[in-house]
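The data block below is query.cif; it holds mmCIF, C-alpha atoms and all ligand atoms.
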data_query
loop_
_atom_site.label_atom_id
_atom_site.label_comp_id
_atom_site.auth_asym_id
_atom_site.auth_seq_id
_atom_site.Cartn_x
_atom_site.Cartn_y
_atom_site.Cartn_z
CA MET A 21 35.35 13.48 22.06
CA TRP A 22 36.03 10.12 23.75
CA ARG A 23 38.48 11.68 26.22
CA GLN A 24 35.91 13.96 27.78
CA HIS A 25 33.66 10.94 28.47
CA ARG A 26 36.36 8.65 29.89
CA TYR A 27 35.03 8.68 33.47
CA LYS A 28 31.57 7.73 32.23
CA MET A 29 33.05 4.81 30.30
CA LEU A 30 35.08 3.69 33.30
CA PHE A 31 31.98 3.84 35.52
CA SER A 32 30.02 1.81 32.93
CA LEU A 33 32.67 -0.89 32.81
CA LEU A 34 32.75 -1.12 36.62
CA LEU A 35 28.94 -1.31 36.74
CA LEU A 36 28.82 -4.17 34.23
CA LEU A 37 31.69 -5.93 35.96
CA SER A 38 29.90 -5.68 39.31
CA GLY A 39 26.77 -7.14 37.64
CA LEU A 40 28.82 -10.04 36.30
CA LEU A 41 30.43 -10.74 39.69
CA LEU A 42 27.06 -10.56 41.44
CA ALA A 43 25.52 -12.99 38.93
CA VAL A 44 28.43 -15.44 39.14
CA ASN A 45 28.39 -15.35 42.95
CA SER A 46 24.62 -15.68 43.23
CA GLY A 47 23.96 -18.61 40.90
CA ASN A 48 25.34 -21.70 39.24
CA ALA A 49 26.38 -22.24 35.63
CA LYS A 50 23.78 -24.03 33.49
CA LEU A 51 24.75 -27.04 31.43
CA SER A 52 25.26 -26.35 27.73
CA ASN A 53 22.24 -28.46 26.76
CA GLU A 54 20.09 -26.11 28.88
CA PHE A 55 21.02 -23.03 26.82
CA ASP A 56 18.22 -21.58 24.74
CA TRP A 57 20.17 -20.28 21.76
CA LEU A 58 17.25 -18.37 20.30
CA ASP A 59 16.96 -16.38 23.54
CA VAL A 60 20.73 -15.86 23.60
CA LEU A 61 20.59 -14.54 20.03
CA GLY A 62 17.67 -12.18 20.73
CA GLU A 63 18.98 -10.88 24.05
CA GLY A 64 22.58 -10.67 22.81
CA THR A 65 21.52 -8.61 19.80
CA THR A 66 19.47 -6.26 22.00
CA LEU A 67 22.46 -5.82 24.29
CA LEU A 68 24.81 -5.07 21.39
CA VAL A 69 22.41 -2.48 19.94
CA ALA A 70 22.13 -0.74 23.32
CA ILE A 71 25.95 -0.73 23.65
CA GLY A 72 26.03 0.78 20.13
CA TRP A 73 23.78 3.60 21.37
CA LEU A 74 26.27 4.34 24.15
CA GLY A 75 29.04 4.53 21.55
CA LEU A 76 27.00 6.84 19.32
CA ILE A 77 26.15 9.16 22.20
CA ILE A 78 29.78 9.39 23.26
CA SER A 79 31.16 9.88 19.75
CA SER A 80 28.62 12.46 18.60
CA ARG A 81 27.65 14.49 21.65
CA PRO A 82 29.53 17.19 23.55
CA ALA A 83 29.65 16.88 27.34
CA GLY A 84 26.61 18.40 29.02
CA ARG A 85 23.34 17.81 30.82
CA VAL A 86 21.41 16.36 27.85
CA THR A 87 24.29 13.97 27.08
CA GLU A 88 24.27 12.76 30.70
CA TRP A 89 20.56 11.92 30.53
CA LEU A 90 20.99 10.12 27.21
CA TYR A 91 24.03 8.24 28.38
CA TYR A 92 22.84 7.09 31.80
CA GLY A 93 19.38 6.18 30.43
CA SER A 94 21.04 3.96 27.82
CA LEU A 95 23.46 2.57 30.40
CA LEU A 96 20.57 1.35 32.57
CA LEU A 97 19.14 -0.42 29.50
CA VAL A 98 22.53 -2.00 28.83
CA TYR A 99 22.74 -3.14 32.46
CA SER A 100 19.28 -4.72 32.32
CA TYR A 101 19.93 -6.45 28.99
CA PHE A 102 23.32 -7.67 30.20
CA LEU A 103 21.84 -9.36 33.28
CA ASP A 104 19.04 -10.69 31.12
CA LEU A 105 21.60 -12.34 28.85
CA LEU A 106 23.60 -13.72 31.79
CA ASP A 107 20.61 -15.64 33.13
CA GLU A 108 20.67 -17.68 29.93
CA PHE A 109 23.93 -19.17 31.25
CA ILE A 110 23.45 -18.89 35.02
CA ARG A 111 20.65 -20.33 37.13
CA TYR A 112 19.75 -18.39 40.30
CA PRO A 113 18.19 -20.01 43.37
CA GLU A 114 14.38 -19.73 43.48
CA HIS A 115 14.33 -17.63 46.68
CA LEU A 116 16.79 -15.02 45.27
CA ARG A 117 14.59 -12.17 44.00
CA LEU A 118 17.41 -9.61 43.75
CA MET A 119 18.67 -10.82 40.37
CA SER A 120 15.26 -10.75 38.72
CA TRP A 121 14.67 -7.20 40.07
CA LEU A 122 18.05 -6.11 38.73
CA GLU A 123 17.13 -7.59 35.35
CA SER A 124 13.70 -5.95 35.17
CA LEU A 125 13.80 -2.65 37.04
CA PRO A 126 16.68 -0.71 35.40
CA ALA A 127 15.16 -1.06 31.90
CA PRO A 128 11.94 1.00 32.45
CA VAL A 129 13.81 3.55 34.59
CA GLY A 130 16.46 3.79 31.84
CA MET A 131 13.72 4.27 29.23
CA LEU A 132 12.26 7.18 31.21
CA ILE A 133 15.67 8.83 31.63
CA LEU A 134 16.51 8.26 27.97
CA THR A 135 13.19 9.79 26.89
CA TYR A 136 13.86 12.85 29.04
CA GLY A 137 17.27 13.15 27.38
CA LEU A 138 15.71 12.83 23.92
CA VAL A 139 13.29 15.66 24.70
CA GLY A 140 16.29 17.81 25.71
CA TRP A 141 18.10 16.82 22.52
CA HIS A 142 15.06 17.76 20.45
CA ARG A 143 14.92 21.19 22.10
CA GLU A 144 18.63 21.71 21.57
CA GLN A 145 18.32 20.75 17.91
CA ARG A 146 15.46 23.17 17.36
CA ALA A 147 17.50 26.03 18.81
CA ILE A 148 20.48 25.11 16.59
CA ASN A 149 18.25 24.84 13.51
CA ARG A 150 16.79 28.28 14.20
CA GLN A 151 20.29 29.78 14.34
CA LEU A 152 21.45 27.94 11.23
CA ARG A 153 18.38 29.01 9.29
CA GLY A 154 19.08 32.65 10.14
CA ARG A 155 22.72 32.39 9.08
CA GLU A 156 21.92 30.46 5.92
CA LEU A 157 19.39 33.06 4.92
CA PHE A 158 22.08 35.72 4.99
CA LEU A 159 24.64 33.66 3.17
CA ARG A 160 22.28 32.38 0.51
CA ASP A 161 21.22 35.86 -0.48
CA HIS A 162 24.08 37.04 -2.67
CA GLN A 163 22.44 40.43 -3.05
CA LEU A 164 23.64 41.14 0.46
CA ILE A 165 27.22 41.27 -0.81
CA ASP A 166 28.31 44.24 -2.87
CA PRO A 167 30.00 42.87 -6.05
CA LEU A 168 32.49 45.76 -6.36
CA THR A 169 33.91 45.75 -2.85
CA GLN A 170 32.87 42.23 -1.72
CA LEU A 171 31.60 43.83 1.48
CA TYR A 172 28.16 43.36 2.96
CA GLY A 173 25.67 46.09 2.20
CA ILE A 174 23.12 48.04 4.17
CA GLU A 175 20.56 45.24 4.65
CA TYR A 176 23.05 42.93 6.24
CA LEU A 177 24.43 45.73 8.40
CA GLN A 178 20.95 46.62 9.65
CA ALA A 179 20.18 43.01 10.55
CA VAL A 180 23.50 42.34 12.27
CA LEU A 181 23.50 45.70 14.05
CA GLN A 182 20.04 45.03 15.46
CA ARG A 183 21.13 41.61 16.72
CA GLU A 184 24.36 42.99 18.20
CA ILE A 185 22.56 45.86 19.94
CA GLU A 186 20.22 43.38 21.65
CA LEU A 187 23.09 41.08 22.55
CA HIS A 188 25.38 43.82 23.84
CA GLN A 189 22.67 45.57 25.83
CA SER A 190 21.53 42.32 27.45
CA GLN A 191 25.14 41.60 28.45
CA HIS A 192 25.91 45.25 29.37
CA LYS A 193 28.77 45.40 26.89
CA ALA A 194 29.94 48.35 24.81
CA LEU A 195 29.37 48.51 21.06
CA SER A 196 30.82 51.18 18.75
CA LEU A 197 30.69 52.17 15.11
CA LEU A 198 33.21 53.76 12.78
CA VAL A 199 31.68 55.80 9.97
CA LEU A 200 33.72 56.70 6.92
CA ASP A 201 32.70 58.90 4.02
CA ILE A 202 34.53 60.06 0.91
CA ASP A 203 34.31 63.83 0.49
CA ASN A 204 33.06 65.02 -2.86
CA PHE A 205 33.39 61.63 -4.50
CA ALA A 206 31.21 62.91 -7.33
CA GLY A 207 33.96 65.44 -8.12
CA PHE A 208 36.63 62.70 -7.94
CA ASN A 209 34.64 60.61 -10.45
CA ARG A 210 34.26 63.60 -12.77
CA ARG A 211 37.96 64.39 -12.74
CA HIS A 212 39.36 60.84 -12.87
CA GLY A 213 36.55 58.80 -14.38
CA MET A 214 34.19 56.22 -12.92
CA ALA A 215 36.68 53.37 -13.41
CA ALA A 216 39.24 55.18 -11.23
CA GLY A 217 36.46 55.75 -8.70
CA ASP A 218 35.67 52.01 -8.71
CA THR A 219 39.32 51.10 -8.24
CA TYR A 220 39.56 53.52 -5.35
CA LEU A 221 36.48 52.00 -3.68
CA SER A 222 37.94 48.48 -3.99
CA ARG A 223 41.30 49.51 -2.53
CA LEU A 224 39.62 51.39 0.26
CA SER A 225 37.49 48.34 1.14
CA GLU A 226 40.49 46.04 1.14
CA LEU A 227 42.39 48.36 3.42
CA LEU A 228 39.47 48.72 5.81
CA SER A 229 38.98 44.93 6.00
CA SER A 230 42.67 44.29 6.55
CA GLN A 231 43.10 46.95 9.24
CA LEU A 232 40.15 46.00 11.40
CA ARG A 233 39.91 43.01 13.72
CA HIS A 234 38.36 39.67 12.74
CA SER A 235 35.44 40.32 15.05
CA ASP A 236 34.65 43.68 13.39
CA LEU A 237 32.28 43.92 10.47
CA VAL A 238 32.85 46.45 7.67
CA CYS A 239 29.92 47.17 5.36
CA ARG A 240 29.39 49.41 2.39
CA TYR A 241 26.53 51.43 3.72
CA ALA A 242 26.01 53.61 0.64
CA GLY A 243 27.91 54.46 -2.56
CA ASP A 244 30.78 56.25 -0.87
CA ARG A 245 30.02 55.58 2.80
CA PHE A 246 31.28 52.69 4.91
CA ILE A 247 30.35 51.63 8.42
CA ALA A 248 32.36 49.30 10.63
CA LEU A 249 30.68 47.60 13.56
CA LEU A 250 33.03 47.11 16.51
CA PRO A 251 31.69 44.55 19.00
CA ASN A 252 32.78 44.74 22.67
CA THR A 253 34.42 48.09 22.03
CA ALA A 254 33.96 51.22 24.15
CA LEU A 255 34.33 54.71 22.66
CA PRO A 256 37.93 55.37 23.85
CA GLN A 257 39.09 52.16 22.17
CA ALA A 258 37.12 53.02 19.02
CA GLN A 259 38.86 56.42 18.99
CA ILE A 260 42.27 54.75 19.15
CA MET A 261 41.28 52.40 16.33
CA ALA A 262 40.02 55.34 14.25
CA GLN A 263 43.27 57.20 14.78
CA HIS A 264 45.26 54.19 13.62
CA LEU A 265 42.98 53.79 10.62
CA ARG A 266 43.43 57.45 9.63
CA GLN A 267 47.17 56.93 9.39
CA GLN A 268 46.73 53.81 7.25
CA LEU A 269 44.13 55.39 4.99
CA SER A 270 46.34 58.37 4.18
CA GLN A 271 48.33 55.98 1.94
CA LEU A 272 45.41 55.82 -0.43
CA ALA A 273 45.48 59.50 -1.42
CA ASP A 274 47.07 60.42 -4.75
CA ALA A 275 49.61 63.17 -5.55
CA GLN A 276 46.83 65.78 -5.58
CA HIS A 277 45.82 64.60 -2.11
CA GLU A 278 42.58 63.19 -3.44
CA PRO A 279 40.15 62.11 -2.31
CA VAL A 280 39.73 63.35 1.25
CA LEU A 281 38.07 61.00 3.70
CA THR A 282 36.11 61.78 6.84
CA LEU A 283 36.22 59.19 9.59
CA ALA A 284 34.15 59.48 12.74
CA GLU A 285 33.45 57.13 15.64
CA MET A 286 30.44 56.74 17.93
CA ALA A 287 29.27 54.57 20.83
CA VAL A 288 26.00 52.79 20.12
CA GLN A 289 23.56 53.68 22.89
CA GLN A 290 20.39 53.49 20.84
CA HIS A 291 17.99 50.55 21.18
CA SER A 292 17.45 49.96 17.48
CA ALA A 293 19.66 49.67 14.41
CA GLN A 294 17.60 52.34 12.67
CA ALA A 295 18.16 54.87 15.47
CA ALA A 296 21.88 54.00 15.64
CA LEU A 297 22.28 54.48 11.88
CA GLN A 298 20.46 57.83 12.06
CA GLN A 299 22.87 58.88 14.78
CA ALA A 300 25.77 57.70 12.59
CA ALA A 301 24.53 60.02 9.83
CA THR A 302 24.34 62.91 12.30
CA VAL A 303 27.82 62.17 13.64
CA MET A 304 29.18 62.12 10.09
CA ALA A 305 27.43 65.40 9.18
CA GLN A 306 28.86 67.04 12.31
CA ALA A 307 32.33 65.68 11.54
CA LYS A 308 32.18 67.04 8.01
CA THR A 309 31.00 70.43 9.24
CA ALA A 310 33.60 70.61 11.97
CA GLY A 311 36.31 69.31 9.67
CA ALA A 312 38.23 68.45 12.81
CA VAL A 313 38.38 64.73 12.14
CA THR A 314 38.61 65.02 8.40
CA LEU A 315 41.46 62.88 7.19
CA GLN A 316 43.99 64.89 5.30
CA PRO A 317 46.49 62.86 3.39
CA SER A 318 50.00 62.96 4.82
N1 LIG A 401 32.98 55.18 -9.20
C1 LIG A 401 31.92 54.94 -8.44
N2 LIG A 401 31.21 55.96 -7.93
C2 LIG A 401 30.16 55.71 -7.16
C3 LIG A 401 29.75 54.40 -6.86
N3 LIG A 401 28.67 54.45 -6.07
C4 LIG A 401 28.40 55.75 -5.86
N4 LIG A 401 29.31 56.53 -6.52
C5 LIG A 401 29.35 57.96 -6.61
O1 LIG A 401 29.48 58.53 -5.34
C6 LIG A 401 28.91 59.82 -5.37
C7 LIG A 401 28.15 60.04 -4.08
O2 LIG A 401 27.62 61.31 -4.15
P1 LIG A 401 27.27 62.11 -2.85
O3 LIG A 401 26.39 61.28 -1.96
O4 LIG A 401 26.76 63.46 -3.27
O5 LIG A 401 28.63 62.24 -2.10
P2 LIG A 401 29.88 63.15 -2.42
O6 LIG A 401 29.96 63.53 -3.86
O7 LIG A 401 31.07 62.41 -1.89
O8 LIG A 401 29.60 64.40 -1.54
P3 LIG A 401 29.80 64.55 0.02
O9 LIG A 401 29.67 63.19 0.64
O10 LIG A 401 28.71 65.47 0.48
O11 LIG A 401 31.17 65.11 0.25
C8 LIG A 401 28.04 59.91 -6.62
O12 LIG A 401 28.61 60.79 -7.54
C9 LIG A 401 28.03 58.51 -7.17
O13 LIG A 401 28.07 58.48 -8.59
C10 LIG A 401 30.50 53.32 -7.42
O14 LIG A 401 30.23 52.15 -7.21
N5 LIG A 401 31.57 53.65 -8.21
#
Show me, as structure tokens, the structure contained in the file I just sent.
Ligand SMILES: Nc1nc2c(ncn2[C@@H]2O[C@H](COP(=O)(O)OP(=O)(O)OP(=O)(O)O)[C@@H](O)[C@H]2O)c(=O)[nH]1
Amino acid sequence: MWRQHRYKMLFSLLLLLSGLLLAVNSGNAKLSNEFDWLDVLGEGTTLLVAIGWLGLIISSRPAGRVTEWLYYGSLLLVYSYFLDLLDEFIRYPEHLRLMSWLESLPAPVGMLILTYGLVGWHREQRAINRQLRGRELFLRDHQLIDPLTQLYGIEYLQAVLQREIELHQSQHKALSLLVLDIDNFAGFNRRHGMAAGDTYLSRLSELLSSQLRHSDLVCRYAGDRFIALLPNTALPQAQIMAQHLRQQLSQLADAQHEPVLTLAEMAVQQHSAQAALQQAATVMAQAKTAGAVTLQPS
């Protein structure tokens, strides 16, 4: 954090040094019995606090416009307070107005700049809080996670899909979905038992999660249907990913080649999550009817 602000710190040091040289060259040192120690204590403390602000800004803020306002506003205060402290030790000639201007003027200007920076910081913080609240809401609601597969369910998918559609369309980026359905899972359950069905669902979910990219989101959309959201992915790339997934998924079939899975892909061109999910259902129905993309175990 400090490294990215090093030029600011260098500039600050040079500014204070120039103030010191100007003060030393413009006036004469006071005698020690002329020092007002109460003033020195008050002005010295104010200066140290303002320097502390500079340190806090540098150590806690990323580089950026708001940080610049905060930093240079505080720096002007530091400059004013520094010269104010120096005149406790240095006496300037009566006719020299420059030093008293330099003591007085930077402080109010610095206050204005600092206030502007604080308003920017407040706005920034509100935007961050809004985002965090949204994320926390998802994470806090455990019902959004399916206990069997540990995947997010339909509600989460709908919310994320809506957000991604808006984001991708505003940035003119491609978004695709993979839709996967187990054929006649009811029959599989009847023949092998519900427990075997549960085990199959868990293994299938693990495989899906491990085969997709970190940026993709796999959700359990319904009992035996899964949908993967593929951000920044155009249809040809989604087709390649689906093909790869088909090969991996064929490992899950048993000796009787059960169960059969249907995997289809689609580009999201709809403007709402609801419309996209309806289209996903249509795509899946067509895939099942056509049987062309039905995954047969190898
Ligand atoms: N073992 C197990 N089965 C489940 C679970 N959730 C849903 N199912 C079963 O999945 C089946 C889904 O039935 P359908 O929607 O008719 O789907 P299907 O039998 O695969 O038929 P098609 O999709 O039309 O090929 C039902 O029999 C449910 O009991 C679960 O968590 N565990």
Give me the residues of chain A that have any atom at most 6 Å from an atom of ligand LIG 401 (chain A); for each, the nearest atom pair and the distance in Å, rounded to one decimal. Use all atoms listed in the file, sort by chain and number, and format it as a Markdown table.
| residue | atom | partner | partner_atom | distance |
| --- | --- | --- | --- | --- |
| A:Ile202 | CA | A:LIG401 | O7 | 5.0 |
| A:Asp203 | CA | A:LIG401 | O11 | 3.4 |
| A:Asn204 | CA | A:LIG401 | O7 | 3.4 |
| A:Phe205 | CA | A:LIG401 | O7 | 3.6 |
| A:Ala206 | CA | A:LIG401 | O12 | 3.4 |
| A:Asn209 | CA | A:LIG401 | N1 | 5.8 |
| A:Met214 | CA | A:LIG401 | N1 | 4.0 |
| A:Ala215 | CA | A:LIG401 | N1 | 5.9 |
| A:Gly217 | CA | A:LIG401 | N1 | 3.6 |
| A:Asp218 | CA | A:LIG401 | N1 | 4.2 |
| A:Gly243 | CA | A:LIG401 | C4 | 3.6 |
| A:Asp244 | CA | A:LIG401 | O1 | 5.2 |
Filtering to C-alpha atoms, could you give me those residues as an mmCIF file, in the frame of the given file?
data_model
loop_
_atom_site.group_PDB
_atom_site.id
_atom_site.type_symbol
_atom_site.label_atom_id
_atom_site.label_comp_id
_atom_site.auth_asym_id
_atom_site.auth_seq_id
_atom_site.Cartn_x
_atom_site.Cartn_y
_atom_site.Cartn_z
ATOM 1 C CA ILE A 202 34.530 60.060 0.910
ATOM 2 C CA ASP A 203 34.310 63.830 0.490
ATOM 3 C CA ASN A 204 33.060 65.020 -2.860
ATOM 4 C CA PHE A 205 33.390 61.630 -4.500
ATOM 5 C CA ALA A 206 31.210 62.910 -7.330
ATOM 6 C CA ASN A 209 34.640 60.610 -10.450
ATOM 7 C CA MET A 214 34.190 56.220 -12.920
ATOM 8 C CA ALA A 215 36.680 53.370 -13.410
ATOM 9 C CA GLY A 217 36.460 55.750 -8.700
ATOM 10 C CA ASP A 218 35.670 52.010 -8.710
ATOM 11 C CA GLY A 243 27.910 54.460 -2.560
ATOM 12 C CA ASP A 244 30.780 56.250 -0.870
#
* What is the CA of Phe109 in chain A to CA of Gly47 in chain A distance in Å? -> 9.7 Å
* Asked: How many Å lie between CA of Thr135 in chain A and CA of Ala43 in chain A, rounded to one decimal?
  -> 28.6 Å
* Between CA of Leu269 in chain A and CA of Ala248 in chain A, what is the distance, to one decimal in Å? -> 14.4 Å
* To do: Give as a PyMOL selection string every residue, naming chains and numbers as the document does, that has an atom within 8 Å of (35.7, 52.2, 19.0), counting only C-alpha atoms.
  => chain A and resi 195-198+250+253-262+285-287
* In terms of the shortest atom-to-atom distance over only C-alpha atoms, which of A:Tyr241, A:Tyr112, A:Tyr136, A:Tyr101 is closest to Leu171 in chain A? -> A:Tyr241
* Minimum-distance residue to Leu168 in chain A, chosen among A:Thr65, A:Thr219, A:Gln298, A:Ser80 (using all atoms listed in the file) -> A:Thr219
Let me know the centre plus edge lengths, in Å and rounded to one decimal, of a box with edges along x, y and z that contains all listed atoms of range 51-56 of chain A and is padded by 3 Å on every side, as AutoDock Vina command-line options.
--center_x 21.7 --center_y -25.0 --center_z 28.1 --size_x 13.0 --size_y 12.9 --size_z 12.7
* Asked: Ala301 in chain A: which residues within 12 Å, counting all atoms listed in the file, same-chain residues fewer than 4 positions away excluded, as a list of chain:residue names?
  -> A:Leu197, A:Leu198, A:Val199, A:Leu200, A:Asp201, A:Tyr241, A:Ala242, A:Arg245, A:Phe246, A:Ile247, A:Leu283, A:Ala284, A:Glu285, A:Met286, A:Gln294, A:Ala295, A:Ala296, A:Leu297, A:Ala305, A:Gln306, A:Ala307, A:Lys308
* **Distance query His291 in chain A at most 10 Å, all atoms listed in the file, self and fewer than 2 positions along chain excluded, as a PyMOL selection string** => chain A and resi 182+185-186+189+288-289+293-296
* Do a neighbour search on Asp107 in chain A at 10 Å with all atoms listed in the file, toss out local chain neighbours closer than 2 positions, and write the hits as a list in words. =>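 Near Asp107 in chain A, the qualifying residues are Ala43, Val44, Gly47, Asn48, Ala49, Lys50, Phe55, Val60, Phe102, Leu103, Asp104, Leu105, Phe109, Ile110, Arg111, Tyr112, Met119, Ser120 and Glu123 of chain A.
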